[in-house]
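Taking it in order: structure first as structure tokens, then the write-up.
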Amino acid sequence: MFKRIMKGGQKKPSKPEDASAFGPTPPAAPAPPVTVPPPSGTIEPLPPLRDAAVSERQSLFIRKLQICCHVLDFSDTLKSVREKEIKRQTLMELVDFIQSGSGKITETCQEEMIKMVSANIFRCLPPASHENTGQEATDPEEEEPCLEPAWPHLQLVYELLLRYVVSSDTDTKVAKRYIDHSFVLKLLDLFDSEDPREREYLKTILHRVYGKFMVHRPFIRKAINNIFFRFIYETERHSGIGELLEILGSIINGFALPMKEEHKLFLARALLPLHKPKPVAVYHQQLSYCIAQFVEKDFKLADTVIRGLIKYWPLTNCQKEVLFLGELEEVLEATQAAEFQRCMVPLFRQVARCLNSSHFQAHLAMQVAERALFLWNNEHIVSLIAQNRTVVLPIIFEALEKNIQSHWNRAVHGLTVNVRKMFQEMDAELFEECQRQYAEREAKAKELEEQRELNWKRLADAAAQNGADMVTA
């Protein structure tokens, strides 16, 4: 699914052999700067670009950009209907013109185009529904997205920006003057938009900017890092974490080896702590992909990742536990024997707790136990366990026995029997030794329980005797 992220625009048709669409523009005589009027007043339609003479096309292009700088009110559908339609048609014409690749856009036009884009897309996002009403925040998965009323115009502005960024005629040396750090930061702020259509465009555009403007790459990674920190440690509310992780999944895939220390720190300090927030289920698929990419790139990171998962393992949320177990299986598939040995003790202590998962809703606990037992369906994981069975079996033997003796669910009971049989066939001698030690522990525990009950009985008898003596006295 991640290969679909951001396929750049359509192929532009071959350029005609004549000069630029705006005519020759000698570098020694740049066009004078154009002042964008304030977004007020009426909007009047302008003649089409294709009908204008080459010498007049630049000024007409800029005038059309100025028209599109007017931000109209979409809260009232009956307000400025004519102006909205003129602006929409103008934006469509600008998009078609850029997409057609009729010629290079002059630097002046590029500057004015980025000004127009900024005037339209950079705005204060409306507060989330729970902030607006003062109610307690609900589960983000259950919330209805708040759609942007101005989307008919915003979509075309985003499309224009995307076509500009992906165009082979766009010179990065010129474009980076306008698509600068400030512009990128404002783009990242918009990822908190509740409208999924807007976030999809932002994801595609930012990924293209990252690919085209190498000078911005460290800055973009650091800015995303800061968004994650604020989300994890302050707000736990952000609409675009999933989209940012999708971009990162593609970025991580392109990391060179040996991996830089900066990237390893990003994994440990930003990606692994993203398992902590309550709404992790919303973006877990993208997060799991990023984590798996790190381990596939550098298998030595498996120990760091597995210990990180154990650190943030949920205590009472069964749905999150099932997600963690699925991610754990993906990581273990890419784990080598040496890294497995470093973390197998805390890992299988956690797996043992999952096998005996307890929850007041029994069906949720059953799902956790069942998902944990599915780990033994993976051949690579079974081979790692077999190589280290002398450590693994003693840790989980008690959990297996408890499931066989008392678990209410037939599926869990059957899976546990299969896993137990697998260990028995793997090493019968070790299995018998674990069985003997378990029987000894159970006998000792029973003896202690009986002794405790006897002590309580003696105390009760003594209290009753003392009470009787006090009454007769």
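Identifiers for the structure tokens are assigned positionally: chains receive A, B, ... in sequence, residues are indexed from 1 per chain, and ligands are indexed from 1 in the order shown.
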
Exercise: A:Arg349 partners within 10 Å, only C-alpha atoms, chain neighbours under 6 positions left out, as a PyMOL selection string: chain A and resi 310+355+392+395-396+399

Keeping N, CA and C atoms for every residue in the selection just given, could you write it to a file as a PDB file, in the first residue's frame?
ATOM      1  N   ILE A 310       8.288  -3.710  24.566  1.00  0.00           N
ATOM      2  CA  ILE A 310       7.989  -4.210  25.920  1.00  0.00           C
ATOM      3  C   ILE A 310       7.828  -3.042  26.895  1.00  0.00           C
ATOM      4  N   LEU A 355      -0.354 -14.961  27.288  1.00  0.00           N
ATOM      5  CA  LEU A 355      -0.997 -16.288  27.234  1.00  0.00           C
ATOM      6  C   LEU A 355      -2.047 -16.439  28.329  1.00  0.00           C
ATOM      7  N   VAL A 392      13.631 -20.455  26.778  1.00  0.00           N
ATOM      8  CA  VAL A 392      12.253 -20.050  26.509  1.00  0.00           C
ATOM      9  C   VAL A 392      11.232 -20.931  27.219  1.00  0.00           C
ATOM     10  N   ILE A 395      10.333 -20.397  30.897  1.00  0.00           N
ATOM     11  CA  ILE A 395       9.640 -19.124  31.151  1.00  0.00           C
ATOM     12  C   ILE A 395       8.142 -19.257  30.888  1.00  0.00           C
ATOM     13  N   ILE A 396       7.770 -19.959  29.826  1.00  0.00           N
ATOM     14  CA  ILE A 396       6.354 -19.985  29.435  1.00  0.00           C
ATOM     15  C   ILE A 396       5.631 -21.276  29.821  1.00  0.00           C
ATOM     16  N   ALA A 399       2.563 -20.864  32.094  1.00  0.00           N
ATOM     17  CA  ALA A 399       1.436 -20.230  31.398  1.00  0.00           C
ATOM     18  C   ALA A 399       0.712 -21.237  30.510  1.00  0.00           C
TER      19      ALA A 399
END

Tell me, as an MDAnalysis selection string, which residues lie within 9 Å of stretch 175-179 of chain A, counting only C-alpha atoms; anything in the same chain fewer than 2 positions away does not count. chainID A and resid 107 110:111 114:115 165 170:173 181:184 209 213 215:216

Give me the residues within 10 Å of A:Leu185 as a ChimeraX atom specification, counting only C-alpha atoms and dropping any in the same chain fewer than 3 places off. /A:180-182,188-190,219-220,223-224

Kindly save the residues from that selection, with N, CA, C and O atoms included, as a PDB file, in the first residue's frame.
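Everything below was put into again_4.pdb:
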ATOM      1  N   ASP A 180      10.751  27.707   1.170  1.00  0.00           N
ATOM      2  CA  ASP A 180      11.846  27.738   2.143  1.00  0.00           C
ATOM      3  C   ASP A 180      11.417  27.054   3.438  1.00  0.00           C
ATOM      4  O   ASP A 180      10.360  26.417   3.511  1.00  0.00           O
ATOM      5  N   HIS A 181      12.251  27.173   4.479  1.00  0.00           N
ATOM      6  CA  HIS A 181      11.954  26.519   5.757  1.00  0.00           C
ATOM      7  C   HIS A 181      10.643  27.007   6.354  1.00  0.00           C
ATOM      8  O   HIS A 181       9.873  26.217   6.923  1.00  0.00           O
ATOM      9  N   SER A 182      10.376  28.283   6.230  1.00  0.00           N
ATOM     10  CA  SER A 182       9.136  28.839   6.770  1.00  0.00           C
ATOM     11  C   SER A 182       7.932  28.235   6.065  1.00  0.00           C
ATOM     12  O   SER A 182       6.936  27.862   6.705  1.00  0.00           O
ATOM     13  N   LEU A 188       3.630  21.756   7.316  1.00  0.00           N
ATOM     14  CA  LEU A 188       3.551  20.726   8.363  1.00  0.00           C
ATOM     15  C   LEU A 188       2.466  21.046   9.380  1.00  0.00           C
ATOM     16  O   LEU A 188       1.795  20.135   9.886  1.00  0.00           O
ATOM     17  N   ASP A 189       2.267  22.325   9.672  1.00  0.00           N
ATOM     18  CA  ASP A 189       1.196  22.713  10.607  1.00  0.00           C
ATOM     19  C   ASP A 189      -0.174  22.289  10.085  1.00  0.00           C
ATOM     20  O   ASP A 189      -1.070  21.959  10.857  1.00  0.00           O
ATOM     21  N   LEU A 190      -0.326  22.301   8.758  1.00  0.00           N
ATOM     22  CA  LEU A 190      -1.619  21.967   8.161  1.00  0.00           C
ATOM     23  C   LEU A 190      -1.953  20.479   8.261  1.00  0.00           C
ATOM     24  O   LEU A 190      -3.098  20.090   8.026  1.00  0.00           O
ATOM     25  N   PHE A 219      16.009  19.350   7.708  1.00  0.00           N
ATOM     26  CA  PHE A 219      15.049  20.233   8.378  1.00  0.00           C
ATOM     27  C   PHE A 219      13.674  19.572   8.478  1.00  0.00           C
ATOM     28  O   PHE A 219      13.010  19.650   9.514  1.00  0.00           O
ATOM     29  N   ILE A 220      13.227  18.928   7.395  1.00  0.00           N
ATOM     30  CA  ILE A 220      11.917  18.269   7.394  1.00  0.00           C
ATOM     31  C   ILE A 220      11.889  17.139   8.425  1.00  0.00           C
ATOM     32  O   ILE A 220      10.927  16.994   9.187  1.00  0.00           O
ATOM     33  N   ALA A 223      11.680  18.677  11.870  1.00  0.00           N
ATOM     34  CA  ALA A 223      10.365  19.280  12.123  1.00  0.00           C
ATOM     35  C   ALA A 223       9.322  18.200  12.422  1.00  0.00           C
ATOM     36  O   ALA A 223       8.476  18.365  13.315  1.00  0.00           O
ATOM     37  N   ILE A 224       9.353  17.085  11.677  1.00  0.00           N
ATOM     38  CA  ILE A 224       8.434  15.971  11.947  1.00  0.00           C
ATOM     39  C   ILE A 224       8.715  15.395  13.331  1.00  0.00           C
ATOM     40  O   ILE A 224       7.789  15.069  14.086  1.00  0.00           O
TER      41      ILE A 224
END

Residue with the minimum atom-to-atom distance to A:Ile105, picked from A:Ser193, A:Asn356, A:Ser168, A:Asn466 with only C-alpha atoms counted, is A:Ser168

If you count only C-alpha atoms, which residues fall within 12 Å of A:Phe255, apart from same-chain ones fewer than 3 positions away, as JSON, numbers by chain? {"A": [217, 248, 249, 250, 251, 252, 258, 259, 260, 261, 262, 263, 264, 290, 293, 294, 296, 297, 298]}

Spatial neighbours of stretch 143-150 of chain A, max dist 8 Å, only C-alpha atoms, sep filter under 5 positions, as a PDB file with N, CA, C and O atoms, in the first residue's frame:
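File produced: out-v5.pdb:
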ATOM      1  N   ASP A  73     -15.523  33.657   1.485  1.00  0.00           N
ATOM      2  CA  ASP A  73     -16.201  33.043   2.629  1.00  0.00           C
ATOM      3  C   ASP A  73     -17.120  31.912   2.151  1.00  0.00           C
ATOM      4  O   ASP A  73     -18.091  32.147   1.431  1.00  0.00           O
ATOM      5  N   PHE A  74     -16.774  30.675   2.565  1.00  0.00           N
ATOM      6  CA  PHE A  74     -17.576  29.519   2.179  1.00  0.00           C
ATOM      7  C   PHE A  74     -18.547  29.089   3.274  1.00  0.00           C
ATOM      8  O   PHE A  74     -19.242  28.086   3.106  1.00  0.00           O
ATOM      9  N   SER A  75     -18.594  29.828   4.386  1.00  0.00           N
ATOM     10  CA  SER A  75     -19.527  29.459   5.451  1.00  0.00           C
ATOM     11  C   SER A  75     -20.970  29.711   5.018  1.00  0.00           C
ATOM     12  O   SER A  75     -21.900  29.075   5.512  1.00  0.00           O
ATOM     13  N   THR A 138     -13.200  12.410  22.638  1.00  0.00           N
ATOM     14  CA  THR A 138     -13.637  11.048  22.338  1.00  0.00           C
ATOM     15  C   THR A 138     -12.553  10.306  21.573  1.00  0.00           C
ATOM     16  O   THR A 138     -11.526  10.881  21.214  1.00  0.00           O
ATOM     17  N   GLU A 194      -8.493  18.385  10.025  1.00  0.00           N
ATOM     18  CA  GLU A 194      -9.360  17.220  10.199  1.00  0.00           C
ATOM     19  C   GLU A 194      -9.866  16.669   8.873  1.00  0.00           C
ATOM     20  O   GLU A 194     -10.426  15.563   8.831  1.00  0.00           O
ATOM     21  N   ASP A 195      -9.674  17.405   7.795  1.00  0.00           N
ATOM     22  CA  ASP A 195     -10.169  16.965   6.491  1.00  0.00           C
ATOM     23  C   ASP A 195      -9.169  15.974   5.874  1.00  0.00           C
ATOM     24  O   ASP A 195      -8.044  16.345   5.532  1.00  0.00           O
ATOM     25  N   PRO A 196      -9.554  14.712   5.714  1.00  0.00           N
ATOM     26  CA  PRO A 196      -8.608  13.712   5.175  1.00  0.00           C
ATOM     27  C   PRO A 196      -8.183  14.009   3.747  1.00  0.00           C
ATOM     28  O   PRO A 196      -7.086  13.626   3.335  1.00  0.00           O
TER      29      PRO A 196
END

Can you list every residue in stretch 59-101 of chain A that DSSP puts in alpha helix (DSSP H), as a PyMOL selection string? chain A and resi 59-68+81-100

Hey, can you spit out that residue selection with C-alpha atoms as a short mmCIF file (atom, residue, chain, number, x, y, z; two decimals), in the first residue's frame?
data_model
loop_
_atom_site.label_atom_id
_atom_site.label_comp_id
_atom_site.auth_asym_id
_atom_site.auth_seq_id
_atom_site.Cartn_x
_atom_site.Cartn_y
_atom_site.Cartn_z
CA SER A 59 1.42 39.94 -16.93
CA LEU A 60 -1.88 38.11 -17.54
CA PHE A 61 -0.63 35.10 -15.57
CA ILE A 62 0.25 37.36 -12.64
CA ARG A 63 -3.12 39.13 -12.78
CA LYS A 64 -4.87 35.79 -12.64
CA LEU A 65 -2.76 34.87 -9.60
CA GLN A 66 -3.81 38.14 -7.99
CA ILE A 67 -7.48 37.27 -8.54
CA CYS A 68 -6.89 33.94 -6.82
CA VAL A 81 -21.47 32.91 -5.79
CA ARG A 82 -20.25 34.68 -8.94
CA GLU A 83 -16.82 35.50 -7.48
CA LYS A 84 -16.38 31.91 -6.27
CA GLU A 85 -17.07 30.54 -9.74
CA ILE A 86 -14.68 33.05 -11.39
CA LYS A 87 -11.93 32.11 -8.97
CA ARG A 88 -12.58 28.38 -9.48
CA GLN A 89 -12.39 28.70 -13.26
CA THR A 90 -9.21 30.80 -12.97
CA LEU A 91 -7.56 28.22 -10.70
CA MET A 92 -8.48 25.43 -13.10
CA GLU A 93 -6.92 27.37 -15.97
CA LEU A 94 -3.72 27.94 -13.97
CA VAL A 95 -3.50 24.24 -13.10
CA ASP A 96 -3.97 23.25 -16.76
CA PHE A 97 -1.35 25.78 -17.84
CA ILE A 98 1.28 24.48 -15.39
CA GLN A 99 0.43 20.86 -16.18
CA SER A 100 0.63 21.37 -19.94
#

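Distance annotation: of A:Arg221, A:His275, A:His380, A:Lys446, the residue with the minimal separation from A:Ile247 is A:Arg221; atom set is only C-alpha atoms.
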